[in-house]
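Have a look at input_20.cif below; it lists mmCIF, C-alpha atoms and all ligand atoms.
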```cif
data_protein
loop_
_atom_site.label_atom_id
_atom_site.label_comp_id
_atom_site.auth_asym_id
_atom_site.auth_seq_id
_atom_site.Cartn_x
_atom_site.Cartn_y
_atom_site.Cartn_z
CA MET A 1 -5.33 8.12 14.55
CA ALA A 2 -2.00 8.81 12.90
CA VAL A 3 0.49 5.98 12.98
CA ASP A 4 3.77 6.21 14.89
CA ALA A 5 5.98 4.47 12.32
CA THR A 6 8.58 3.64 14.97
CA GLN A 7 6.20 1.38 16.95
CA PRO A 8 6.42 -2.42 16.76
CA TYR A 9 4.09 -4.14 14.30
CA ASP A 10 0.52 -4.61 15.58
CA ASP A 11 -0.98 -7.68 13.94
CA SER A 12 -4.54 -6.58 14.75
CA ASN A 13 -4.36 -3.82 12.10
CA ILE A 14 -6.92 -3.90 9.29
CA PHE A 15 -4.51 -4.97 6.54
CA ALA A 16 -3.14 -7.82 8.67
CA ARG A 17 -6.75 -8.96 9.03
CA ILE A 18 -7.28 -8.74 5.25
CA LEU A 19 -4.08 -10.78 4.73
CA ARG A 20 -5.37 -13.46 7.14
CA GLY A 21 -8.70 -13.57 5.28
CA GLU A 22 -10.62 -12.29 8.31
CA LEU A 23 -11.91 -9.29 6.35
CA PRO A 24 -12.86 -9.15 2.65
CA SER A 25 -11.11 -7.09 0.01
CA LYS A 26 -11.52 -6.54 -3.73
CA LYS A 27 -8.31 -8.24 -4.83
CA VAL A 28 -6.37 -6.89 -7.81
CA TYR A 29 -3.16 -8.95 -7.58
CA GLU A 30 -1.45 -11.52 -5.38
CA ASP A 31 1.88 -13.34 -5.35
CA GLU A 32 4.14 -14.90 -2.72
CA HIS A 33 5.15 -11.56 -1.21
CA VAL A 34 2.49 -9.04 -2.28
CA LEU A 35 -1.26 -8.41 -2.15
CA ALA A 36 -3.08 -5.56 -3.91
CA PHE A 37 -6.72 -4.56 -3.55
CA HIS A 38 -9.01 -1.61 -4.18
CA ASP A 39 -9.15 1.09 -1.51
CA ILE A 40 -12.48 1.02 0.36
CA ASN A 41 -12.80 4.81 0.11
CA PRO A 42 -11.25 5.71 -3.27
CA LEU A 43 -9.81 9.19 -3.75
CA ALA A 44 -9.49 8.78 -7.54
CA PRO A 45 -11.29 6.68 -10.18
CA THR A 46 -8.51 4.11 -9.70
CA HIS A 47 -7.19 3.80 -6.14
CA ILE A 48 -5.34 0.56 -5.49
CA LEU A 49 -3.42 -0.36 -2.33
CA VAL A 50 -0.32 -2.54 -2.72
CA ILE A 51 0.94 -4.20 0.47
CA PRO A 52 3.75 -6.60 1.34
CA LYS A 53 2.62 -9.84 2.98
CA GLY A 54 5.36 -9.45 5.60
CA ALA A 55 4.75 -7.62 8.87
CA TYR A 56 6.13 -4.13 8.16
CA VAL A 57 4.69 -1.01 9.82
CA SER A 58 5.80 1.47 7.19
CA TRP A 59 8.06 2.30 4.27
CA ASP A 60 10.77 3.04 6.85
CA ASP A 61 10.43 -0.38 8.48
CA PHE A 62 10.23 -2.19 5.13
CA SER A 63 13.17 -0.41 3.50
CA GLU A 64 15.33 -1.19 6.53
CA LYS A 65 14.29 -4.78 7.34
CA ALA A 66 12.70 -6.49 4.33
CA SER A 67 14.75 -9.01 2.34
CA ASP A 68 15.98 -8.14 -1.13
CA ALA A 69 13.46 -10.67 -2.50
CA GLU A 70 10.56 -8.94 -0.71
CA ILE A 71 11.68 -5.49 -1.87
CA ALA A 72 12.14 -6.63 -5.46
CA ALA A 73 8.75 -8.37 -5.44
CA PHE A 74 7.02 -5.28 -4.03
CA VAL A 75 8.54 -2.88 -6.55
CA ARG A 76 8.03 -5.24 -9.51
CA ALA A 77 4.43 -5.98 -8.51
CA SER A 78 3.60 -2.28 -8.07
CA GLY A 79 4.72 -1.50 -11.61
CA ARG A 80 3.03 -4.58 -13.03
CA ILE A 81 -0.28 -3.76 -11.33
CA ALA A 82 -0.26 -0.28 -12.86
CA ARG A 83 0.67 -1.65 -16.30
CA GLU A 84 -2.00 -4.35 -16.17
CA ALA A 85 -4.60 -1.78 -15.08
CA GLY A 86 -3.71 0.26 -18.18
CA LEU A 87 -2.47 3.26 -16.22
CA VAL A 88 0.88 3.93 -17.86
CA GLU A 89 -0.22 5.92 -20.88
CA SER A 90 -2.49 8.35 -19.01
CA GLY A 91 -0.23 8.33 -15.96
CA TYR A 92 -0.54 7.52 -12.28
CA ARG A 93 0.84 8.44 -8.86
CA VAL A 94 2.27 6.20 -6.14
CA LEU A 95 2.44 7.34 -2.54
CA ALA A 96 3.39 5.75 0.77
CA ASN A 97 2.42 7.71 3.87
CA THR A 98 4.92 7.15 6.69
CA GLY A 99 4.32 8.35 10.22
CA PRO A 100 2.42 11.26 11.81
CA ASN A 101 3.17 14.16 9.46
CA SER A 102 2.12 12.05 6.47
CA GLY A 103 -1.25 11.15 7.98
CA GLN A 104 -0.60 7.38 7.79
CA GLU A 105 -3.62 5.67 9.33
CA VAL A 106 -3.04 1.95 8.86
CA PRO A 107 0.15 0.61 10.48
CA HIS A 108 1.01 -1.88 7.73
CA LEU A 109 3.02 -0.55 4.76
CA HIS A 110 0.82 0.25 1.80
CA LEU A 111 1.54 1.94 -1.50
CA HIS A 112 -1.37 3.96 -2.86
CA VAL A 113 -1.73 3.83 -6.65
CA PHE A 114 -3.91 6.72 -7.87
CA ALA A 115 -5.07 7.22 -11.47
CA GLY A 116 -7.99 7.88 -13.77
CA ARG A 117 -8.08 11.69 -13.77
CA PRO A 118 -5.61 14.58 -13.59
CA LEU A 119 -4.35 14.26 -10.03
CA GLY A 120 -3.49 17.88 -9.42
CA PRO A 121 -0.43 19.24 -7.68
CA MET A 122 1.64 16.81 -5.65
CA LEU A 123 0.86 18.62 -2.38
CA ALA A 124 -1.40 21.50 -1.35
CA ARG A 125 0.66 24.60 -0.57
P1 LIG B 201 -3.14 5.85 4.91
O1 LIG B 201 -3.83 7.10 5.36
O2 LIG B 201 -2.76 4.96 6.06
O3 LIG B 201 -2.01 6.10 3.95
O4 LIG B 201 -4.21 5.07 4.02
C1 LIG B 201 -5.06 4.08 4.52
C2 LIG B 201 -6.02 3.72 3.40
O5 LIG B 201 -6.65 2.51 3.73
C3 LIG B 201 -7.13 4.76 3.20
O6 LIG B 201 -7.10 5.23 1.85
C4 LIG B 201 -8.40 3.97 3.52
O7 LIG B 201 -9.49 4.33 2.71
C5 LIG B 201 -7.97 2.54 3.31
N1 LIG B 201 -8.71 1.56 4.10
C6 LIG B 201 -8.96 1.64 5.44
N2 LIG B 201 -9.63 0.55 5.84
C7 LIG B 201 -9.80 -0.24 4.74
C8 LIG B 201 -10.41 -1.50 4.54
O8 LIG B 201 -10.95 -2.14 5.45
N3 LIG B 201 -10.38 -2.01 3.27
C9 LIG B 201 -9.78 -1.34 2.24
N4 LIG B 201 -9.82 -1.92 1.05
N5 LIG B 201 -9.19 -0.14 2.41
C10 LIG B 201 -9.20 0.40 3.65
#
```

I need this file expressed as structure tokens, please.
Ligand code: 5GP
Amino acid sequence: MAVDATQPYDDSNIFARILRGELPSKKVYEDEHVLAFHDINPLAPTHILVIPKGAYVSWDDFSEKASDAEIAAFVRASGRIAREAGLVESGYRVLANTGPNSGQEVPHLHLHVFAGRPLGPMLAR
């Protein structure tokens, strides 16, 4: 079901459970503020999800309420993850679905990192 990005944070969501270690994930990167892991249903040869450890529903919630340290860590880590995965030369795409029209399914902010093949147009017309 599509996420209403204006709702309060629900700590039973699947990424909260991954953060608490209740569910497994294929970890790519971790620091004080950030966790990254492979998407369970990849849409490209490389499909990594980058999430803040804080309880933020969406990009909207995070950009409004996260501390400067959390935002800096999230942006820095996202770039570093792509660099360390060797994605810069061939190129990659980052995407954060936010709310119903975007099709966001998991109500914990996540940045998709797609790479590994030509990714096609940004959106279907
Ligand atoms: P959204 O549509 O919310 O932007 O993307 C949610 C993403 O989370 C989807 O690409 C989906 O495959 C991924 N996903 C859903 N459940 C799990 C899970 O339990 N583990 C992992 N690694 N990814 C998940």

| request: Considering all atoms listed in the file, return as a VMD selection string whatever protein or nucleic-acid residues lie within 12 Å of Gly54 (chain A), sequence-local ones (same chain, fewer than 4 positions apart) excluded. | output: chain A and resid 9 11 15 to 16 19 to 20 32 to 35 58 61 to 62 65 to 67 69 to 71 73 to 74 108 to 110

Could you give me, as a tab-separated table, a per-residue list for chain A showing, wherever an atom lies at most 6 Å from an atom of ligand LIG 201 (chain B), the closest pair of atoms and their distance in Å to one decimal, using only C-alpha atoms and all ligand atoms and sorting by chain then residue number from low to high?
```
residue	atom	partner	partner_atom	distance
A:Ile14	CA	B:LIG201	O8	5.8
A:Ser25	CA	B:LIG201	N4	5.4
A:His38	CA	B:LIG201	N4	5.3
A:Asp39	CA	B:LIG201	N4	4.0
A:Ile40	CA	B:LIG201	N4	4.0
A:Asn41	CA	B:LIG201	O7	4.2
A:Asn97	CA	B:LIG201	O3	4.7
A:Gly103	CA	B:LIG201	O1	5.5
A:Gln104	CA	B:LIG201	O2	3.7
A:Glu105	CA	B:LIG201	O2	3.5
A:Val106	CA	B:LIG201	O2	4.1
```

Which residues come within 12 Å of Leu95 (chain A), counting all atoms listed in the file, excluding same-chain residues fewer than 3 positions away, as a PDB file with C-alpha atoms, keeping the file's coordinate frame?
```pdb
ATOM      1  CA  HIS A  47      -7.190   3.800  -6.140  1.00  0.00           C
ATOM      2  CA  ILE A  48      -5.340   0.560  -5.490  1.00  0.00           C
ATOM      3  CA  LEU A  49      -3.420  -0.360  -2.330  1.00  0.00           C
ATOM      4  CA  VAL A  50      -0.320  -2.540  -2.720  1.00  0.00           C
ATOM      5  CA  SER A  58       5.800   1.470   7.190  1.00  0.00           C
ATOM      6  CA  TRP A  59       8.060   2.300   4.270  1.00  0.00           C
ATOM      7  CA  SER A  78       3.600  -2.280  -8.070  1.00  0.00           C
ATOM      8  CA  TYR A  92      -0.540   7.520 -12.280  1.00  0.00           C
ATOM      9  CA  THR A  98       4.920   7.150   6.690  1.00  0.00           C
ATOM     10  CA  SER A 102       2.120  12.050   6.470  1.00  0.00           C
ATOM     11  CA  GLY A 103      -1.250  11.150   7.980  1.00  0.00           C
ATOM     12  CA  GLN A 104      -0.600   7.380   7.790  1.00  0.00           C
ATOM     13  CA  LEU A 109       3.020  -0.550   4.760  1.00  0.00           C
ATOM     14  CA  HIS A 110       0.820   0.250   1.800  1.00  0.00           C
ATOM     15  CA  LEU A 111       1.540   1.940  -1.500  1.00  0.00           C
ATOM     16  CA  HIS A 112      -1.370   3.960  -2.860  1.00  0.00           C
ATOM     17  CA  VAL A 113      -1.730   3.830  -6.650  1.00  0.00           C
ATOM     18  CA  PHE A 114      -3.910   6.720  -7.870  1.00  0.00           C
ATOM     19  CA  ALA A 115      -5.070   7.220 -11.470  1.00  0.00           C
ATOM     20  CA  MET A 122       1.640  16.810  -5.650  1.00  0.00           C
ATOM     21  CA  LEU A 123       0.860  18.620  -2.380  1.00  0.00           C
TER      22      LEU A 123
END
```

| field | Polymer residues at most 8 Å from Lys26 (chain A), all atoms listed in the file, same-chain spacing of 2 or more positions, as a list in words | value |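 Skipping anything fewer than 2 positions along the chain leaves Pro24, Val28, Phe37 and His38 of chain A.
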
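Nearest to Leu87 (chain A) of all the residues A:Lys53, A:Thr46, A:Pro100, A:Pro121 is A:Thr46, based on all atoms listed in the file.
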
| Separation of CA of Pro107 (chain A) and CA of Thr6 (chain A), in Å? |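 We find that CA of Pro107 (chain A) and CA of Thr6 (chain A) lie 10.0 Å from each other.
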
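Straight-line separation from CA of Gln7 (chain A) to CA of Glu22 (chain A): 23.3 Å.
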
| Pick from A:Ala77, A:Val88, A:Val3, A:Ala44, whichever lies nearest to Leu119 (chain A) using all atoms listed in the file | A:Ala44

| request: Using all atoms listed in the file, find the one residue out of A:Glu64, A:Gly116, A:Arg125, A:Tyr29 that sits nearest to Glu84 (chain A). | output: A:Tyr29

Can you sort out the box for region 59-72 of chain A, edges along x, y and z, all listed atoms in, 5 Å on every side, with centre and edge lengths in Å to one decimal, as lines of an AutoDock Vina configuration file?
```
center_x = 12.0
center_y = -3.8
center_z = 1.5
size_x = 17.9
size_y = 23.7
size_z = 23.9
```

| task | Rounded to one decimal place, report the CA of Ala5 (chain A)-CA of Val57 (chain A) distance in Å. | result |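 Computed distance, CA of Ala5 (chain A) to CA of Val57 (chain A), equals 6.2 Å.
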